[in-house]
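Each remark here refers to the structure printed beneath this line.
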Amino acid sequence: PVSARCCTMLDMTTSPVFHEIGGVRVAAEVGGAGAPLLLIHGYLVSRRSWDDVLPQLTERASVLTVDLPGHGDSACPASYPYSVAAFVETIVGVLAARGVTRTAVIGHSLGGAIAATLAARHPELVERLVLVDAALGPVIMPLEAKLALLPLAGPLLFKKAYRRQEMLRYFQRQVYLDPAACRAERVDYYWSCFDRPGGREASYRAMTTVARIGAAMRGIPAQIACPTLLVWGEHDGIVTPKYGEAYRKRIPDARLAVIPQAGHLPHIEQPQA
């Protein structure tokens with residue numbers, strides 16, 4: 001079973017710094033000392049999803065965590081595209097604002113797609129790459145998402161009727177290997193970010209990006225030139241481990257590590273791995 005300690009979050013009252021990137025207010029935090037390391041989170045979560053591994057990482061790196069637009073403390077403007085390409089350019093803007101010219105990058109899930117595209121499109125910025133259960137191709141969408149993607153009624157259902165209970169059920173059944181490891185306070189935080197003005201619309205548009213991620217990522221793995229580590233939860237039910245092996249073969253300089261007793265969140269479920 002997954003240890004309960006893996007769900008202990010750091011203090012969520014810390015204040016981020018904000019950068020205006022392309023007219024969007026983007027939240028970021030920096031901690032630690034050493035070589036630069038950028039962390040990019042996945043869909044529906046925030047920079048706080050890295051809290052369980054930050055103590056280890058900040059011991060040996062200067063760690064930059066960013067909230068993607070529509071997530072966490074970043075703004076969720078209606079005019080933002082919420083596409084992989086848009087997220088990449090936002091990240092490029094944050095790096096420029098921080099004066100970071102080259103960095104190691106870790107990306108999870110949707111953040112893995114963004115990190116991979118960053119490495120492919122801006123190789124001068126990415127020294128090394130870690131892709132954690134990365135959405136580099138088709139993902140398994142839960143029933144609620146499939147219903148929300150239906151024409152006409154789907155968007156209305158998601159934007160008006162989606163409740164905290166559905167979010168909790170999604171994390172417990174789809175994301176975590178052990179449902180008991182999904183702490184209510186963690187979901188409460190993500191829910192508060194989702195249920196703010198503009199949050200539901202931003203999340204819906206980001207979800208459509210995830211649903212069509214295969215097209216956006218076509219050809220990207222083969223263009224990644226830097227050393228790449230693929231990290232996969234052994235029991236990931238969203239981006240199954242067979243994709244990790246497939247991407248290992250497509251990325252020129254890649255190796256794969258499969259984490260036992262972990263689902264889609266190995267950095268939370270098994271942070272010491």
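For the structure tokens, the naming scheme is as follows: chains receive sequential letters (A, B, ...) according to their order of presentation, residues are indexed from 1 within each chain, and ligands are indexed from 1 in presentation order.
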
Exercise. Which polymer residues have any atom within 10 Å of an atom of Glu201 (chain A), counting only C-alpha atoms, with same-chain residues fewer than 5 positions away left out, as a list in words?
Worked result: Gly70, Cys76, Pro77, Ala78, Pro155, Phe158, Lys159, Lys160, Phe194, Asp195, Arg196, Ala206 and Met207 of chain A

Just N, CA, C and O atoms for this one: save the residues we selected as a PDB file, in the first residue's frame.
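So the final result, stored in again_19.pdb, reads:
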ATOM      1  N   GLY A  70      -4.657  29.597 -15.704  1.00  0.00           N
ATOM      2  CA  GLY A  70      -5.859  28.818 -15.428  1.00  0.00           C
ATOM      3  C   GLY A  70      -5.708  27.852 -14.274  1.00  0.00           C
ATOM      4  O   GLY A  70      -6.657  27.142 -13.934  1.00  0.00           O
ATOM      5  N   CYS A  76      -6.671  33.395 -15.036  1.00  0.00           N
ATOM      6  CA  CYS A  76      -7.342  32.509 -15.994  1.00  0.00           C
ATOM      7  C   CYS A  76      -8.144  33.344 -16.987  1.00  0.00           C
ATOM      8  O   CYS A  76      -9.380  33.294 -17.004  1.00  0.00           O
ATOM      9  N   PRO A  77      -7.461  34.130 -17.809  1.00  0.00           N
ATOM     10  CA  PRO A  77      -8.174  35.021 -18.733  1.00  0.00           C
ATOM     11  C   PRO A  77      -8.901  34.265 -19.835  1.00  0.00           C
ATOM     12  O   PRO A  77      -8.423  33.237 -20.325  1.00  0.00           O
ATOM     13  N   ALA A  78     -10.033  34.768 -20.236  1.00  0.00           N
ATOM     14  CA  ALA A  78     -10.821  34.137 -21.297  1.00  0.00           C
ATOM     15  C   ALA A  78     -10.104  34.185 -22.639  1.00  0.00           C
ATOM     16  O   ALA A  78     -10.356  33.350 -23.508  1.00  0.00           O
ATOM     17  N   PRO A 155     -20.274  21.039 -22.360  1.00  0.00           N
ATOM     18  CA  PRO A 155     -19.663  22.211 -21.724  1.00  0.00           C
ATOM     19  C   PRO A 155     -20.507  22.784 -20.591  1.00  0.00           C
ATOM     20  O   PRO A 155     -19.979  23.191 -19.555  1.00  0.00           O
ATOM     21  N   PHE A 158     -20.105  20.639 -17.458  1.00  0.00           N
ATOM     22  CA  PHE A 158     -18.822  20.821 -16.787  1.00  0.00           C
ATOM     23  C   PHE A 158     -18.748  22.169 -16.084  1.00  0.00           C
ATOM     24  O   PHE A 158     -18.295  22.271 -14.938  1.00  0.00           O
ATOM     25  N   LYS A 159     -19.195  23.213 -16.759  1.00  0.00           N
ATOM     26  CA  LYS A 159     -19.020  24.560 -16.234  1.00  0.00           C
ATOM     27  C   LYS A 159     -20.037  24.935 -15.158  1.00  0.00           C
ATOM     28  O   LYS A 159     -19.781  25.820 -14.343  1.00  0.00           O
ATOM     29  N   LYS A 160     -21.180  24.239 -15.132  1.00  0.00           N
ATOM     30  CA  LYS A 160     -22.230  24.602 -14.182  1.00  0.00           C
ATOM     31  C   LYS A 160     -22.492  23.537 -13.122  1.00  0.00           C
ATOM     32  O   LYS A 160     -22.849  23.860 -11.992  1.00  0.00           O
ATOM     33  N   PHE A 194     -10.145  25.847  -9.060  1.00  0.00           N
ATOM     34  CA  PHE A 194     -11.043  25.532 -10.168  1.00  0.00           C
ATOM     35  C   PHE A 194     -12.325  26.340 -10.106  1.00  0.00           C
ATOM     36  O   PHE A 194     -12.831  26.819 -11.132  1.00  0.00           O
ATOM     37  N   ASP A 195     -12.864  26.533  -8.895  1.00  0.00           N
ATOM     38  CA  ASP A 195     -14.205  27.093  -8.732  1.00  0.00           C
ATOM     39  C   ASP A 195     -14.197  28.609  -8.541  1.00  0.00           C
ATOM     40  O   ASP A 195     -15.175  29.170  -8.072  1.00  0.00           O
ATOM     41  N   ARG A 196     -13.151  29.283  -8.929  1.00  0.00           N
ATOM     42  CA  ARG A 196     -13.094  30.743  -8.869  1.00  0.00           C
ATOM     43  C   ARG A 196     -13.630  31.332 -10.178  1.00  0.00           C
ATOM     44  O   ARG A 196     -13.826  30.600 -11.163  1.00  0.00           O
ATOM     45  N   ALA A 206      -8.563  23.770 -21.104  1.00  0.00           N
ATOM     46  CA  ALA A 206      -7.361  22.952 -20.923  1.00  0.00           C
ATOM     47  C   ALA A 206      -7.680  21.466 -21.080  1.00  0.00           C
ATOM     48  O   ALA A 206      -6.869  20.699 -21.606  1.00  0.00           O
ATOM     49  N   MET A 207      -8.869  21.055 -20.624  1.00  0.00           N
ATOM     50  CA  MET A 207      -9.272  19.657 -20.778  1.00  0.00           C
ATOM     51  C   MET A 207      -9.401  19.283 -22.251  1.00  0.00           C
ATOM     52  O   MET A 207      -9.026  18.176 -22.656  1.00  0.00           O
TER      53      MET A 207
END

Residues near Lys249 (chain A), cut-off 10 Å, only C-alpha atoms, skip fewer than 6 positions along chain, as an mmCIF file with N, CA and C atoms, in the first residue's frame:
data_model
loop_
_atom_site.group_PDB
_atom_site.id
_atom_site.type_symbol
_atom_site.label_atom_id
_atom_site.label_comp_id
_atom_site.auth_asym_id
_atom_site.auth_seq_id
_atom_site.Cartn_x
_atom_site.Cartn_y
_atom_site.Cartn_z
ATOM 1 N N PRO A 221 8.444 13.867 -29.705
ATOM 2 C CA PRO A 221 9.464 13.048 -29.039
ATOM 3 C C PRO A 221 10.750 12.883 -29.848
ATOM 4 N N ALA A 222 10.643 12.677 -31.132
ATOM 5 C CA ALA A 222 11.825 12.463 -31.967
ATOM 6 C C ALA A 222 12.695 13.705 -32.076
ATOM 7 N N TYR A 243 3.059 3.277 -22.798
ATOM 8 C CA TYR A 243 3.443 4.486 -23.518
ATOM 9 C C TYR A 243 4.843 4.939 -23.115
ATOM 10 N N ARG A 255 15.948 7.120 -21.246
ATOM 11 C CA ARG A 255 15.840 5.884 -20.481
ATOM 12 C C ARG A 255 14.565 5.945 -19.658
ATOM 13 N N LEU A 256 14.078 4.792 -19.244
ATOM 14 C CA LEU A 256 12.790 4.685 -18.566
ATOM 15 C C LEU A 256 12.962 4.081 -17.188
#

Which residues of region 63-84 of chain A come within 10 Å of region 111-115 of chain A, and what is each one's closest atom pair and distance in Å (one decimal), counting only C-alpha atoms, sorted by chain and residue number, as a tab-separated table?
residue	atom	partner	partner_atom	distance
A:Leu68	CA	A:Gly111	CA	8.8
A:Ser83	CA	A:Ile114	CA	9.3
A:Val84	CA	A:Ile114	CA	5.8

Since we have the selection now, will you write its residues out, keeping all heavy atoms, as a PDB file, in the first residue's frame?
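Everything below was put into selection-v8.pdb:
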ATOM      1  N   LEU A  68       0.632  27.184 -14.213  1.00  0.00           N
ATOM      2  CA  LEU A  68       0.194  27.455 -15.573  1.00  0.00           C
ATOM      3  C   LEU A  68      -1.027  28.375 -15.564  1.00  0.00           C
ATOM      4  O   LEU A  68      -1.819  28.336 -14.610  1.00  0.00           O
ATOM      5  CB  LEU A  68      -0.157  26.147 -16.285  1.00  0.00           C
ATOM      6  CG  LEU A  68       0.985  25.152 -16.486  1.00  0.00           C
ATOM      7  CD1 LEU A  68       0.441  23.825 -17.000  1.00  0.00           C
ATOM      8  CD2 LEU A  68       2.040  25.710 -17.441  1.00  0.00           C
ATOM      9  N   SER A  83      -3.574  26.104 -24.875  1.00  0.00           N
ATOM     10  CA  SER A  83      -3.014  25.054 -25.723  1.00  0.00           C
ATOM     11  C   SER A  83      -1.596  24.737 -25.260  1.00  0.00           C
ATOM     12  O   SER A  83      -0.979  25.516 -24.511  1.00  0.00           O
ATOM     13  CB  SER A  83      -2.976  25.517 -27.179  1.00  0.00           C
ATOM     14  OG  SER A  83      -2.107  26.636 -27.325  1.00  0.00           O
ATOM     15  N   VAL A  84      -1.053  23.597 -25.713  1.00  0.00           N
ATOM     16  CA  VAL A  84       0.326  23.258 -25.378  1.00  0.00           C
ATOM     17  C   VAL A  84       1.268  24.358 -25.857  1.00  0.00           C
ATOM     18  O   VAL A  84       2.161  24.803 -25.126  1.00  0.00           O
ATOM     19  CB  VAL A  84       0.716  21.895 -25.981  1.00  0.00           C
ATOM     20  CG1 VAL A  84       2.225  21.639 -25.817  1.00  0.00           C
ATOM     21  CG2 VAL A  84      -0.073  20.770 -25.317  1.00  0.00           C
TER      22      VAL A  84
END

Problem set entry | Long-range neighbours of region 94-97 of chain A as number ranges by chain, 10 Å cut-off, only C-alpha atoms, 2 positions minimum in chain | A: 18-21, 26-28, 38, 64, 66, 88-92, 99-103, 125

Create the file for the chosen residues now, containing C-alpha atoms and written as a PDB file, in the first residue's frame.
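The result, written out as selection_6.pdb:
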ATOM      1  CA  PHE A  18       3.993  37.226 -10.135  1.00  0.00           C
ATOM      2  CA  HIS A  19       5.159  37.927 -13.676  1.00  0.00           C
ATOM      3  CA  GLU A  20       3.167  39.563 -16.465  1.00  0.00           C
ATOM      4  CA  ILE A  21       3.728  37.253 -19.428  1.00  0.00           C
ATOM      5  CA  VAL A  26       1.620  34.112 -13.813  1.00  0.00           C
ATOM      6  CA  ALA A  27       2.544  32.866 -10.335  1.00  0.00           C
ATOM      7  CA  ALA A  28       5.951  31.364  -9.615  1.00  0.00           C
ATOM      8  CA  LEU A  38      12.071  24.091 -13.627  1.00  0.00           C
ATOM      9  CA  LEU A  64      11.452  27.261 -10.062  1.00  0.00           C
ATOM     10  CA  VAL A  66       5.173  27.843 -11.980  1.00  0.00           C
ATOM     11  CA  VAL A  88       5.187  26.664 -23.746  1.00  0.00           C
ATOM     12  CA  GLU A  89       5.463  30.313 -24.710  1.00  0.00           C
ATOM     13  CA  THR A  90       4.280  31.339 -21.242  1.00  0.00           C
ATOM     14  CA  ILE A  91       7.029  29.198 -19.708  1.00  0.00           C
ATOM     15  CA  VAL A  92       9.581  30.736 -22.071  1.00  0.00           C
ATOM     16  CA  GLY A  99      16.911  35.546 -16.217  1.00  0.00           C
ATOM     17  CA  VAL A 100      17.180  31.779 -16.714  1.00  0.00           C
ATOM     18  CA  THR A 101      18.963  30.972 -19.973  1.00  0.00           C
ATOM     19  CA  ARG A 102      19.351  27.202 -19.537  1.00  0.00           C
ATOM     20  CA  THR A 103      17.739  24.782 -17.106  1.00  0.00           C
ATOM     21  CA  LEU A 125      16.828  26.442 -22.942  1.00  0.00           C
TER      22      LEU A 125
END

Problem set entry | Residue neighbourhood Arg173 (chain A), 12 Å, only C-alpha atoms, exclusion window fewer than 6 positions, as number ranges by chain | A: 141-144, 165-167, 179-182, 235-238, 263-264
